[in-house]
file my_file-v4.txt (compact mmCIF, C-alpha atoms)
# COMPACT_ATOMS: atom_id res chain seq x y z
CA LEU A 772 6.66 -38.79 -64.08
CA PRO A 773 9.59 -40.05 -66.08
CA SER A 774 10.03 -36.55 -67.51
CA ASP A 775 10.31 -35.04 -64.03
CA SER A 776 14.06 -35.31 -63.77
CA SER A 777 14.63 -33.05 -66.77
CA GLN A 778 12.22 -30.36 -65.58
CA PRO A 779 13.51 -27.18 -63.98
CA ILE A 780 13.58 -27.20 -60.19
CA ARG A 781 11.60 -24.42 -58.54
CA ILE A 782 12.32 -23.37 -54.98
CA GLN A 783 10.44 -21.18 -52.56
CA ALA A 784 11.78 -20.26 -49.13
CA ASP A 785 11.84 -17.51 -46.52
CA SER A 786 15.58 -16.96 -46.65
CA ALA A 787 18.68 -18.45 -48.20
CA THR A 788 22.46 -18.47 -48.06
CA LEU A 789 24.37 -19.05 -51.28
CA ASP A 790 27.97 -20.16 -50.73
CA ASP A 791 30.13 -20.32 -53.85
CA LYS A 792 33.18 -21.71 -52.14
CA ARG A 793 31.32 -24.89 -51.20
CA ASN A 794 28.89 -24.87 -54.18
CA THR A 795 25.97 -25.04 -51.80
CA ALA A 796 22.78 -23.10 -51.29
CA VAL A 797 20.91 -23.43 -48.00
CA TYR A 798 17.25 -22.46 -48.09
CA THR A 799 15.44 -22.02 -44.77
CA GLY A 800 11.89 -21.29 -43.65
CA ASN A 801 8.97 -23.38 -45.04
CA VAL A 802 10.87 -24.45 -48.09
CA ILE A 803 8.92 -25.89 -51.03
CA ILE A 804 10.77 -27.49 -53.92
CA THR A 805 9.00 -28.71 -57.03
CA GLN A 806 10.33 -30.46 -60.13
CA GLY A 807 7.66 -31.61 -62.50
CA SER A 808 5.33 -33.73 -60.34
CA MET A 809 7.91 -34.11 -57.56
CA ARG A 810 7.34 -31.96 -54.49
CA LEU A 811 9.62 -31.71 -51.47
CA THR A 812 8.87 -29.61 -48.40
CA GLY A 813 10.84 -29.00 -45.24
CA GLY A 814 12.19 -26.43 -42.81
CA ARG A 815 15.66 -26.37 -44.30
CA VAL A 816 17.09 -27.58 -47.60
CA THR A 817 20.75 -27.82 -48.53
CA LEU A 818 21.19 -27.91 -52.28
CA SER A 819 24.65 -28.79 -53.53
CA THR A 820 25.86 -28.54 -57.12
CA ASN A 821 29.07 -29.57 -58.86
CA ALA A 822 31.60 -27.08 -60.21
CA ASN A 823 29.62 -26.08 -63.29
CA GLY A 824 26.37 -25.70 -61.46
CA GLU A 825 24.75 -29.08 -62.10
CA LEU A 826 22.63 -30.44 -59.26
CA ASN A 827 24.21 -33.06 -57.00
CA THR A 828 22.00 -33.53 -54.00
CA MET A 829 19.15 -31.86 -52.20
CA VAL A 830 18.97 -32.67 -48.49
CA THR A 831 15.69 -31.66 -46.85
CA TYR A 832 15.36 -31.43 -43.08
CA GLY A 833 11.97 -31.02 -41.49
CA SER A 834 9.69 -32.27 -38.81
CA PRO A 835 8.84 -34.03 -40.89
CA ALA A 836 10.21 -33.31 -44.33
CA THR A 837 7.75 -34.57 -46.95
CA TYR A 838 8.11 -35.94 -50.46
CA GLN A 839 5.50 -36.63 -53.09
CA GLN A 840 5.80 -37.67 -56.72
CA THR A 841 3.62 -39.32 -59.37
CA PRO A 842 5.69 -42.21 -60.78
CA GLU A 843 3.68 -42.59 -63.96
CA ALA A 844 0.72 -40.89 -65.61
CA ASN A 845 -2.59 -41.60 -63.82
CA LYS A 846 -0.91 -43.72 -61.16
CA ALA A 847 -1.31 -43.00 -57.43
CA PRO A 848 1.43 -40.60 -56.21
CA VAL A 849 4.15 -41.98 -53.99
CA LYS A 850 4.17 -40.13 -50.66
CA ALA A 851 6.90 -40.15 -48.04
CA ARG A 852 8.01 -38.31 -44.93
CA ALA A 853 11.01 -38.47 -42.64
CA GLN A 854 13.24 -36.25 -40.49
CA THR A 855 15.71 -36.07 -43.39
CA ILE A 856 15.09 -36.73 -47.07
CA GLU A 857 18.08 -36.87 -49.38
CA TYR A 858 17.49 -36.56 -53.12
CA HIS A 859 20.43 -37.80 -55.20
CA ALA A 860 20.15 -36.38 -58.71
CA ASP A 861 22.68 -38.67 -60.40
CA ARG A 862 21.10 -41.92 -59.15
CA GLU A 863 17.60 -40.39 -59.04
CA THR A 864 16.94 -41.91 -55.66
CA ILE A 865 15.61 -40.48 -52.44
CA VAL A 866 16.81 -41.67 -49.05
CA LEU A 867 14.53 -41.23 -46.04
CA ILE A 868 16.32 -41.14 -42.68
CA GLN A 869 14.77 -41.33 -39.19
CA GLU A 870 11.05 -41.86 -38.68
CA ALA A 871 10.84 -42.73 -42.36
CA PHE A 872 7.47 -43.55 -43.84
CA LEU A 873 6.73 -44.22 -47.52
CA GLU A 874 3.45 -45.10 -49.16
CA GLN A 875 3.39 -46.58 -52.66
CA SER A 876 0.07 -47.60 -54.25
CA GLY A 877 -1.40 -48.60 -50.88
CA ASN A 878 1.67 -50.39 -49.49
CA THR A 879 3.51 -48.66 -46.67
CA PHE A 880 7.12 -48.93 -45.58
CA GLN A 881 8.35 -47.66 -42.23
CA GLY A 882 11.67 -47.67 -40.47
CA ASP A 883 14.76 -45.64 -39.71
CA TYR A 884 16.09 -45.86 -43.25
CA VAL A 885 14.09 -46.23 -46.43
CA SER A 886 15.42 -45.56 -49.90
CA TYR A 887 13.35 -45.36 -53.07
CA ASP A 888 14.60 -45.63 -56.63
CA ILE A 889 12.38 -43.24 -58.56
CA PRO A 890 12.69 -44.46 -62.18
CA ARG A 891 12.49 -48.16 -61.19
CA GLN A 892 9.93 -47.40 -58.45
CA VAL A 893 11.73 -49.83 -56.13
CA VAL A 894 11.56 -49.33 -52.35
CA ASP A 895 14.48 -50.58 -50.29
CA ALA A 896 13.67 -50.40 -46.58
CA GLY A 897 16.06 -51.01 -43.68
CA ARG A 898 19.78 -50.40 -43.29
CA GLY A 899 21.66 -51.48 -46.37
CA SER A 900 24.54 -53.90 -45.69
CA GLU A 901 27.13 -51.33 -46.71
CA SER A 902 26.09 -49.00 -43.89
CA ALA A 903 25.35 -51.72 -41.38
CA ASN A 904 26.15 -50.21 -38.01
CA GLY A 905 24.95 -53.15 -35.93
CA GLY A 906 22.42 -52.96 -33.14
CA GLN A 907 23.65 -49.85 -31.33
CA ASN A 908 21.39 -47.42 -33.12
CA GLY A 909 18.38 -48.34 -31.01
CA GLY A 910 15.94 -50.57 -32.81
CA GLY A 911 18.77 -51.95 -35.00
CA GLY A 912 17.02 -50.46 -37.99
CA ARG A 913 13.87 -52.54 -37.70
CA ILE A 914 11.41 -51.98 -40.49
CA GLU A 915 7.71 -52.55 -40.89
CA ILE A 916 6.13 -53.20 -44.24
CA VAL A 917 2.41 -53.48 -44.89
CA ILE A 918 1.42 -54.92 -48.23
CA GLN A 919 -2.25 -54.56 -49.10
CA PRO A 920 -3.88 -57.88 -50.00
CA ARG A 921 -5.31 -58.08 -53.44
CA SER A 922 -8.98 -57.21 -52.76
CA ARG A 923 -11.10 -60.07 -54.17
CA SER A 924 -14.26 -58.65 -55.70
CA ASN A 925 -17.17 -60.19 -53.67
CA ASP A 926 -19.54 -60.86 -56.55
CA SER A 927 -17.88 -62.68 -59.43
CA SER A 928 -19.69 -60.51 -62.04
CA ASN A 929 -17.09 -57.73 -62.33
CA GLU A 930 -13.85 -59.53 -62.97
CA GLU A 931 -11.67 -56.45 -63.64
CA PRO A 932 -9.05 -56.15 -60.83
CA ALA A 933 -10.06 -53.66 -58.18
CA THR A 934 -7.49 -50.86 -58.15
CA PRO A 935 -6.57 -49.99 -54.52
CA MET B 65 6.89 82.14 -37.51
CA PRO B 66 6.32 82.33 -33.77
CA ARG B 67 9.09 80.71 -31.75
CA TYR B 68 6.89 78.15 -30.06
CA LEU B 69 5.56 76.99 -33.47
CA THR B 70 9.03 76.20 -34.89
CA LEU B 71 10.01 74.57 -31.56
CA GLY B 72 6.78 72.46 -31.65
CA LEU B 73 7.46 71.45 -35.28
CA LEU B 74 11.01 70.50 -34.44
CA LEU B 75 9.86 68.44 -31.49
CA ALA B 76 7.16 66.74 -33.56
CA ALA B 77 9.62 65.96 -36.37
CA GLY B 78 12.11 64.50 -33.82
CA ALA B 79 9.40 62.35 -32.25
CA ALA B 80 8.23 61.17 -35.66
CA LEU B 81 11.81 60.29 -36.62
CA ALA B 82 12.30 58.36 -33.37
CA LEU B 83 9.05 56.50 -33.96
CA ALA B 84 10.08 55.67 -37.56
CA VAL B 85 13.45 54.34 -36.44
CA GLY B 86 11.76 52.16 -33.82
CA TYR B 87 8.88 51.12 -36.04
CA TRP B 88 10.74 50.23 -39.22
CA ASN B 89 13.98 49.36 -37.52
CA ILE B 90 15.82 51.63 -39.92
CA SER B 91 19.49 51.01 -39.21
CA PRO B 92 22.56 51.66 -41.30
CA GLY B 93 22.99 47.87 -41.88
CA SER B 94 19.52 47.39 -43.28
CA PHE B 95 20.38 49.47 -46.34
CA ALA B 96 23.11 46.93 -47.45
CA PRO B 97 21.85 44.30 -50.09
CA ALA B 98 20.56 41.14 -48.31
CA THR B 99 23.31 38.47 -48.53
CA VAL B 100 22.36 35.53 -50.79
CA GLU B 101 21.23 32.37 -48.75
CA ARG B 102 24.37 30.14 -49.11
CA ASP B 103 23.60 26.69 -50.63
CA ASN B 104 25.17 24.25 -48.16
CA ALA B 105 26.26 21.87 -50.89
CA ARG B 106 29.35 23.70 -52.03
CA PRO B 107 31.41 21.59 -54.35
CA ASP B 108 35.04 22.49 -54.04
CA PHE B 109 36.16 20.45 -57.06
CA TYR B 110 34.85 18.05 -59.65
CA ILE B 111 36.63 15.55 -61.83
CA ASP B 112 35.68 14.24 -65.23
CA ASN B 113 36.61 10.62 -66.09
CA ALA B 114 37.77 10.12 -62.53
CA ARG B 115 39.89 7.08 -61.74
CA ILE B 116 40.57 6.40 -58.07
CA GLN B 117 42.61 3.44 -56.88
CA MET B 118 42.58 2.20 -53.29
CA LEU B 119 45.43 0.01 -52.11
CA ASP B 120 45.24 -2.57 -49.36
CA GLU B 121 47.76 -2.98 -46.55
CA GLN B 122 50.15 -4.96 -48.76
CA GLY B 123 50.02 -2.19 -51.32
CA LYS B 124 48.10 -4.32 -53.82
CA VAL B 125 45.11 -2.72 -55.54
CA ALA B 126 42.04 -3.26 -53.33
CA TYR B 127 39.56 -1.56 -55.61
CA ARG B 128 39.65 0.75 -58.61
CA LEU B 129 36.82 3.23 -58.97
CA THR B 130 36.15 5.01 -62.25
CA ALA B 131 33.37 7.56 -62.85
CA GLU B 132 32.43 9.82 -65.73
CA HIS B 133 31.86 12.73 -63.40
CA ALA B 134 32.70 13.09 -59.71
CA VAL B 135 31.75 16.12 -57.60
CA HIS B 136 33.40 16.54 -54.19
CA GLN B 137 31.51 18.48 -51.52
CA ILE B 138 33.35 20.65 -48.94
CA GLU B 139 30.79 20.36 -46.13
CA ASP B 140 30.68 16.63 -45.57
CA GLY B 141 33.58 15.58 -47.79
CA SER B 142 31.28 13.30 -49.77
CA THR B 143 31.76 12.63 -53.46
CA ARG B 144 28.83 12.22 -55.87
CA LEU B 145 29.55 9.95 -58.82
CA GLU B 146 27.99 9.68 -62.26
CA GLN B 147 28.11 6.19 -63.87
CA PRO B 148 30.51 4.79 -61.25
CA GLU B 149 32.28 1.51 -62.01
CA LEU B 150 34.08 -0.33 -59.25
CA LEU B 151 36.54 -3.11 -59.93
CA PHE B 152 36.91 -5.16 -56.78
CA PHE B 153 40.13 -7.20 -56.52
CA ARG B 154 39.76 -10.10 -54.15
CA GLY B 155 43.09 -11.37 -52.81
CA GLU B 156 44.24 -14.45 -54.71
CA ASN B 157 41.28 -14.54 -57.10
CA PRO B 158 42.67 -13.26 -60.44
CA THR B 159 39.42 -11.96 -61.98
CA PRO B 160 38.15 -8.89 -60.16
CA TRP B 161 34.41 -8.37 -59.69
CA LEU B 162 32.72 -5.50 -61.49
CA LEU B 163 30.16 -3.37 -59.64
CA LYS B 164 28.49 -0.49 -61.47
CA ALA B 165 25.47 1.81 -61.22
CA ASN B 166 24.04 5.06 -62.57
CA GLN B 167 24.64 7.05 -59.43
CA GLY B 168 27.00 6.70 -56.50
CA LEU B 169 27.81 8.57 -53.30
CA VAL B 170 31.11 8.02 -51.53
CA THR B 171 31.08 8.99 -47.85
CA GLU B 172 33.05 8.27 -44.69
CA LYS B 173 36.33 8.91 -46.58
CA GLY B 174 35.75 6.06 -48.98
CA ASP B 175 34.63 3.51 -46.39
CA ARG B 176 31.07 3.63 -47.63
CA VAL B 177 29.75 3.76 -51.19
CA ASP B 178 26.00 4.06 -51.79
CA LEU B 179 25.08 2.99 -55.31
CA HIS B 180 21.60 3.40 -56.80
CA THR B 181 19.60 2.92 -60.03
CA ASP B 182 20.53 -0.07 -62.20
CA VAL B 183 23.09 -1.51 -59.84
CA LEU B 184 24.88 -4.47 -61.43
CA LEU B 185 27.43 -6.80 -59.85
CA GLN B 186 29.26 -9.26 -62.07
CA GLN B 187 30.90 -11.96 -59.95
CA GLN B 188 33.34 -14.64 -61.02
CA PRO B 189 33.09 -17.13 -58.15
CA ASP B 190 36.21 -19.28 -57.98
CA GLY B 191 36.02 -21.94 -60.63
CA GLN B 192 32.39 -21.22 -61.40
CA PRO B 193 30.69 -19.66 -64.41
CA GLN B 194 30.02 -15.95 -64.09
CA ARG B 195 27.14 -14.78 -61.93
CA GLN B 196 25.22 -11.54 -62.43
CA LEU B 197 23.36 -9.73 -59.68
CA THR B 198 21.06 -6.76 -60.29
CA THR B 199 19.23 -4.53 -57.83
CA SER B 200 18.04 -0.93 -57.57
CA ALA B 201 20.29 0.14 -54.66
CA LEU B 202 23.32 -1.25 -52.86
CA THR B 203 25.49 -0.01 -50.01
CA LEU B 204 29.13 -1.17 -50.15
CA TYR B 205 31.67 -1.05 -47.31
CA PRO B 206 34.96 -1.74 -49.15
CA ARG B 207 37.12 -1.99 -46.02
CA ARG B 208 34.79 -4.62 -44.60
CA ASP B 209 34.44 -6.52 -47.93
CA TYR B 210 30.70 -6.32 -47.31
CA ALA B 211 27.65 -4.98 -49.18
CA GLU B 212 23.95 -4.99 -48.39
CA THR B 213 20.59 -3.89 -49.74
CA ASP B 214 16.96 -4.04 -48.65
CA GLN B 215 15.72 -3.81 -52.23
CA SER B 216 14.67 -6.73 -54.39
CA VAL B 217 17.58 -8.60 -55.92
CA ARG B 218 17.87 -10.82 -58.97
CA ILE B 219 20.75 -13.26 -59.30
CA GLU B 220 21.40 -14.97 -62.62
CA ALA B 221 23.92 -17.77 -62.70
CA ALA B 222 24.74 -20.30 -65.40
CA ARG B 223 21.91 -22.66 -64.52
CA SER B 224 19.83 -20.80 -62.02
CA VAL B 225 17.86 -17.61 -61.49
CA THR B 226 17.12 -16.51 -57.94
CA THR B 227 15.15 -13.51 -56.71
CA ALA B 228 14.67 -12.23 -53.16
CA GLU B 229 13.97 -9.15 -51.07
CA GLY B 230 17.02 -7.87 -49.29
CA MET B 231 20.54 -9.25 -49.39
CA LYS B 232 23.81 -9.33 -47.47
CA LEU B 233 26.92 -9.98 -49.54
CA PHE B 234 30.27 -11.04 -48.06
CA LEU B 235 32.69 -10.23 -50.84
CA ASN B 236 35.74 -11.99 -49.44
CA ASP B 237 34.31 -15.51 -49.37
CA GLY B 238 31.50 -14.91 -51.88
CA ARG B 239 28.82 -15.82 -49.34
CA LEU B 240 25.45 -14.25 -50.07
CA GLN B 241 22.47 -14.14 -47.73
CA LEU B 242 19.04 -13.53 -49.16
CA LEU B 243 16.78 -12.10 -46.51
CA SER B 244 13.18 -12.81 -47.52
CA THR B 245 10.73 -14.19 -50.13
CA VAL B 246 13.37 -16.23 -51.88
CA ARG B 247 12.35 -17.78 -55.26
CA GLY B 248 14.82 -19.93 -57.12
CA GLN B 249 14.80 -21.88 -60.37
CA TYR B 250 17.51 -24.37 -61.36
CA GLU B 251 17.77 -25.65 -64.90
CA VAL B 252 18.76 -29.29 -64.61
CA ARG B 253 19.80 -30.02 -68.18
call {"tool": "encode", "arguments": {"input": "my_file-v4.txt", "output": "structure tokens"}}
result
Amino acid sequence: LPSDSSQPIRIQADSATLDDKRNTAVYTGNVIITQGSMRLTGGRVTLSTNANGELNTMVTYGSPATYQQTPEANKAPVKARAQTIEYHADRETIVLIQEAFLEQSGNTFQGDYVSYDIPRQVVDAGRGSESANGGQNGGGGRIEIVIQPRSRSNDSSNEEPATP
Amino acid sequence: MPRYLTLGLLLAAGAALALAVGYWNISPGSFAPATVERDNARPDFYIDNARIQMLDEQGKVAYRLTAEHAVHQIEDGSTRLEQPELLFFRGENPTPWLLKANQGLVTEKGDRVDLHTDVLLQQQPDGQPQRQLTTSALTLYPRRDYAETDQSVRIEAARSVTTAEGMKLFLNDGRLQLLSTVRGQYEVR
């Protein structure tokens, strides 16, 4: 929800290490992080803040780490999973790295690198040009996108568009 | 009285006396008052408004301990503290950390301090807003710059509140390990 980003972030974990010198907190052991409708889970989460304690990034590692958030009221939640999920608070984007999979209102995006802009609900799959590291990294960052066709209602009586 | 009667009486009295001595263990010592059972905690001195300063190798103040009332015990050399307050100076960091509690017990010649009831640690992490940590008991090892507890802990920082069960605190680099059931809340705005 648009209001998510101003909600408090709640964290549950088995153990944690808070390190002031590096402004980081590492939570380990079935970690669950919620902020409004956003929900992140993973085996280990590194949360880093700036000098006066404001959130910078939350990097979730898991096999897989999962993400779920409802973009707008009564809209299907966006679901994603990957080996690593980075949440960048300033840009309000999440970056899915390795075995990334994201589902948004029926469409799915898969690849090694998928990023998702939460407020604009824009999915950007595949290696961005700025981090192009050529073909060495195995599949060269191939992506697979499945867009659901608009389901045509069989009888012409109900004309309202079928929601997926 | 016939001779044999007095002799018999004497013998009987002697036997009775011997029996009594054996039976009731009447001995000269048993007539002395029983010595009072000594209480092993024998304070040899106590101090009011105590102020103890420990220096580190370079002679700088490592920590300064103040207490309203301190009682030193002869037997184990421990010191019991009332309302102890410990200022912990950490090398280059100018602002010391304050650690205080209702009760304290200093043992192992000052290398171990057990604090309990309303333990509070006010930390000033470098360049960060103050952080406050409260628990019901904490064991501090000043020489090792280390403290630990198995009690529940509550940590309040500028924008976050964290609770957990059990904690290990490394005072030199401000690292803090929370051992189980960690719950955190970060205020974003």
call {"tool": "interface_residues", "arguments": {"input": "my_file-v4.txt", "of": "chain A", "to": "chain B", "cutoff": "8 Å", "atoms": "all atoms listed in the file", "output": "compact mmCIF listing (two decimals) with C-alpha atoms, keeping the file's coordinate frame"}}
result
# COMPACT_ATOMS: atom_id res chain seq x y z
CA SER A 776 14.06 -35.31 -63.77
CA SER A 777 14.63 -33.05 -66.77
CA GLN A 778 12.22 -30.36 -65.58
CA PRO A 779 13.51 -27.18 -63.98
CA ILE A 780 13.58 -27.20 -60.19
CA ARG A 781 11.60 -24.42 -58.54
CA ILE A 782 12.32 -23.37 -54.98
CA GLN A 783 10.44 -21.18 -52.56
CA ALA A 784 11.78 -20.26 -49.13
CA ASP A 785 11.84 -17.51 -46.52
CA SER A 786 15.58 -16.96 -46.65
CA ALA A 787 18.68 -18.45 -48.20
CA THR A 788 22.46 -18.47 -48.06
CA LEU A 789 24.37 -19.05 -51.28
CA ASP A 790 27.97 -20.16 -50.73
CA ASP A 791 30.13 -20.32 -53.85
CA LYS A 792 33.18 -21.71 -52.14
CA ALA A 822 31.60 -27.08 -60.21
CA ASN A 823 29.62 -26.08 -63.29
CA GLY A 824 26.37 -25.70 -61.46
CA GLU A 825 24.75 -29.08 -62.10
CA LEU A 826 22.63 -30.44 -59.26
call {"tool": "residues_around", "arguments": {"input": "my_file-v4.txt", "residues": "Pro890 of chain A", "least_positions_apart": "4", "cutoff": "9 Å", "atoms": "all atoms listed in the file", "output": "tab-separated table (two decimals) with C-alpha atoms, in the coordinates of the input"}}
result
chain	number	residue	atom	x	y	z
A	772	LEU	CA	6.66	-38.79	-64.08
A	773	PRO	CA	9.59	-40.05	-66.08
A	842	PRO	CA	5.69	-42.21	-60.78
A	863	GLU	CA	17.60	-40.39	-59.04
A	864	THR	CA	16.94	-41.91	-55.66
call {"tool": "residues_around", "arguments": {"input": "my_file-v4.txt", "residues": "Leu184 of chain B", "least_positions_apart": "3", "cutoff": "9 Å", "atoms": "only C-alpha atoms", "output": "list in words"}}
result
Leu162, Leu163, Lys164, Ala165, Gln196, Leu197, Thr198, Thr199 and Ser200 of chain B
call {"tool": "atom_distance", "arguments": {"input": "my_file-v4.txt", "atom1": "atom CA of Met809 of chain A", "atom2": "atom CA of Asn821 of chain A"}}
result
21.7 Å
call {"tool": "residues_around", "arguments": {"input": "my_file-v4.txt", "residues": "Tyr858 of chain A", "least_positions_apart": "5", "cutoff": "8 Å", "atoms": "only C-alpha atoms", "output": "list in words"}}
result
Thr828, Met829, Val830, Glu863, Thr864, Ile865 and Val866 of chain A
call {"tool": "atom_distance", "arguments": {"input": "my_file-v4.txt", "atom1": "atom CA of Ala134 of chain B", "atom2": "atom CA of Met118 of chain B"}}
result
16.0 Å
call {"tool": "residues_around", "arguments": {"input": "my_file-v4.txt", "residues": "Arg176 of chain B", "least_positions_apart": "2", "cutoff": "7 Å", "atoms": "only C-alpha atoms", "output": "VMD selection string"}}
result
chain B and resid 170 to 172 174 178 204 to 206
call {"tool": "closest_residue", "arguments": {"input": "my_file-v4.txt", "among": "B:Leu169, B:Leu69, B:Leu145, B:Leu235", "to": "Arg208 of chain B", "atoms": "all atoms listed in the file"}}
result
B:Leu235
call {"tool": "residues_around", "arguments": {"input": "my_file-v4.txt", "residues": "Val885 of chain A", "least_positions_apart": "2", "cutoff": "10 Å", "atoms": "only C-alpha atoms", "output": "JSON, numbers by chain"}}
result
{"A": [851, 853, 856, 865, 866, 867, 868, 869, 870, 871, 872, 873, 880, 881, 882, 883, 887, 894, 895, 896, 897, 898, 899, 912, 914]}
call {"tool": "atom_distance", "arguments": {"input": "my_file-v4.txt", "atom1": "atom CA of Asp775 of chain A", "atom2": "atom CA of Gln840 of chain A"}}
result
9.0 Å
call {"tool": "closest_residue", "arguments": {"input": "my_file-v4.txt", "among": "A:Thr831, A:His859, A:Glu843, A:Gly877", "to": "Gln892 of chain A", "atoms": "all atoms listed in the file"}}
result
A:Glu843
call {"tool": "closest_residue", "arguments": {"input": "my_file-v4.txt", "among": "A:Arg891, A:Arg793, A:Arg921, A:Arg852", "to": "Gln839 of chain A", "atoms": "all atoms listed in the file"}}
result
A:Arg852
call {"tool": "closest_residue", "arguments": {"input": "my_file-v4.txt", "among": "B:Ala84, B:Thr70, B:Ala79, B:Leu150", "to": "Val125 of chain B", "atoms": "all atoms listed in the file"}}
result
B:Leu150
call {"tool": "build_atoms", "arguments": {"input": "my_file-v4.txt", "residues": "segment 198-212 of chain B", "atoms": "N, CA, C and O atoms", "output": "PDB file, in the frame of the given file"}}
result
ATOM      1  N   THR B 198      21.562  -8.109 -59.995  1.00  0.00           N
ATOM      2  CA  THR B 198      21.060  -6.760 -60.290  1.00  0.00           C
ATOM      3  C   THR B 198      20.109  -6.339 -59.172  1.00  0.00           C
ATOM      4  O   THR B 198      19.371  -7.158 -58.618  1.00  0.00           O
ATOM      5  N   THR B 199      20.155  -5.060 -58.828  1.00  0.00           N
ATOM      6  CA  THR B 199      19.230  -4.530 -57.830  1.00  0.00           C
ATOM      7  C   THR B 199      19.099  -3.031 -58.079  1.00  0.00           C
ATOM      8  O   THR B 199      19.763  -2.485 -58.974  1.00  0.00           O
ATOM      9  N   SER B 200      18.229  -2.361 -57.288  1.00  0.00           N
ATOM     10  CA  SER B 200      18.040  -0.930 -57.570  1.00  0.00           C
ATOM     11  C   SER B 200      18.911  -0.068 -56.657  1.00  0.00           C
ATOM     12  O   SER B 200      19.122   1.093 -56.932  1.00  0.00           O
ATOM     13  N   ALA B 201      19.417  -0.653 -55.547  1.00  0.00           N
ATOM     14  CA  ALA B 201      20.290   0.140 -54.660  1.00  0.00           C
ATOM     15  C   ALA B 201      21.176  -0.813 -53.886  1.00  0.00           C
ATOM     16  O   ALA B 201      20.759  -1.923 -53.588  1.00  0.00           O
ATOM     17  N   LEU B 202      22.401  -0.379 -53.599  1.00  0.00           N
ATOM     18  CA  LEU B 202      23.320  -1.250 -52.860  1.00  0.00           C
ATOM     19  C   LEU B 202      24.283  -0.379 -52.063  1.00  0.00           C
ATOM     20  O   LEU B 202      24.755   0.649 -52.565  1.00  0.00           O
ATOM     21  N   THR B 203      24.521  -0.757 -50.804  1.00  0.00           N
ATOM     22  CA  THR B 203      25.490  -0.010 -50.010  1.00  0.00           C
ATOM     23  C   THR B 203      26.731  -0.872 -49.811  1.00  0.00           C
ATOM     24  O   THR B 203      26.618  -2.014 -49.341  1.00  0.00           O
ATOM     25  N   LEU B 204      27.890  -0.379 -50.196  1.00  0.00           N
ATOM     26  CA  LEU B 204      29.130  -1.170 -50.150  1.00  0.00           C
ATOM     27  C   LEU B 204      30.058  -0.593 -49.105  1.00  0.00           C
ATOM     28  O   LEU B 204      30.191   0.639 -48.991  1.00  0.00           O
ATOM     29  N   TYR B 205      30.658  -1.483 -48.294  1.00  0.00           N
ATOM     30  CA  TYR B 205      31.670  -1.050 -47.310  1.00  0.00           C
ATOM     31  C   TYR B 205      32.974  -1.727 -47.706  1.00  0.00           C
ATOM     32  O   TYR B 205      33.244  -2.855 -47.290  1.00  0.00           O
ATOM     33  N   PRO B 206      33.784  -1.069 -48.598  1.00  0.00           N
ATOM     34  CA  PRO B 206      34.960  -1.740 -49.150  1.00  0.00           C
ATOM     35  C   PRO B 206      35.891  -2.307 -48.075  1.00  0.00           C
ATOM     36  O   PRO B 206      36.330  -3.437 -48.173  1.00  0.00           O
ATOM     37  N   ARG B 207      36.149  -1.511 -47.042  1.00  0.00           N
ATOM     38  CA  ARG B 207      37.120  -1.990 -46.020  1.00  0.00           C
ATOM     39  C   ARG B 207      36.619  -3.283 -45.405  1.00  0.00           C
ATOM     40  O   ARG B 207      37.407  -4.125 -45.009  1.00  0.00           O
ATOM     41  N   ARG B 208      35.295  -3.425 -45.309  1.00  0.00           N
ATOM     42  CA  ARG B 208      34.790  -4.620 -44.600  1.00  0.00           C
ATOM     43  C   ARG B 208      34.437  -5.726 -45.599  1.00  0.00           C
ATOM     44  O   ARG B 208      33.855  -6.741 -45.217  1.00  0.00           O
ATOM     45  N   ASP B 209      34.786  -5.508 -46.910  1.00  0.00           N
ATOM     46  CA  ASP B 209      34.440  -6.520 -47.930  1.00  0.00           C
ATOM     47  C   ASP B 209      32.986  -6.935 -47.800  1.00  0.00           C
ATOM     48  O   ASP B 209      32.646  -8.116 -47.864  1.00  0.00           O
ATOM     49  N   TYR B 210      32.107  -5.976 -47.611  1.00  0.00           N
ATOM     50  CA  TYR B 210      30.700  -6.320 -47.310  1.00  0.00           C
ATOM     51  C   TYR B 210      29.785  -5.343 -48.036  1.00  0.00           C
ATOM     52  O   TYR B 210      30.108  -4.164 -48.201  1.00  0.00           O
ATOM     53  N   ALA B 211      28.639  -5.866 -48.528  1.00  0.00           N
ATOM     54  CA  ALA B 211      27.650  -4.980 -49.180  1.00  0.00           C
ATOM     55  C   ALA B 211      26.271  -5.463 -48.765  1.00  0.00           C
ATOM     56  O   ALA B 211      26.097  -6.638 -48.426  1.00  0.00           O
ATOM     57  N   GLU B 212      25.301  -4.578 -48.789  1.00  0.00           N
ATOM     58  CA  GLU B 212      23.950  -4.990 -48.390  1.00  0.00           C
ATOM     59  C   GLU B 212      22.925  -4.136 -49.104  1.00  0.00           C
ATOM     60  O   GLU B 212      23.227  -3.030 -49.568  1.00  0.00           O
TER      61      GLU B 212
END
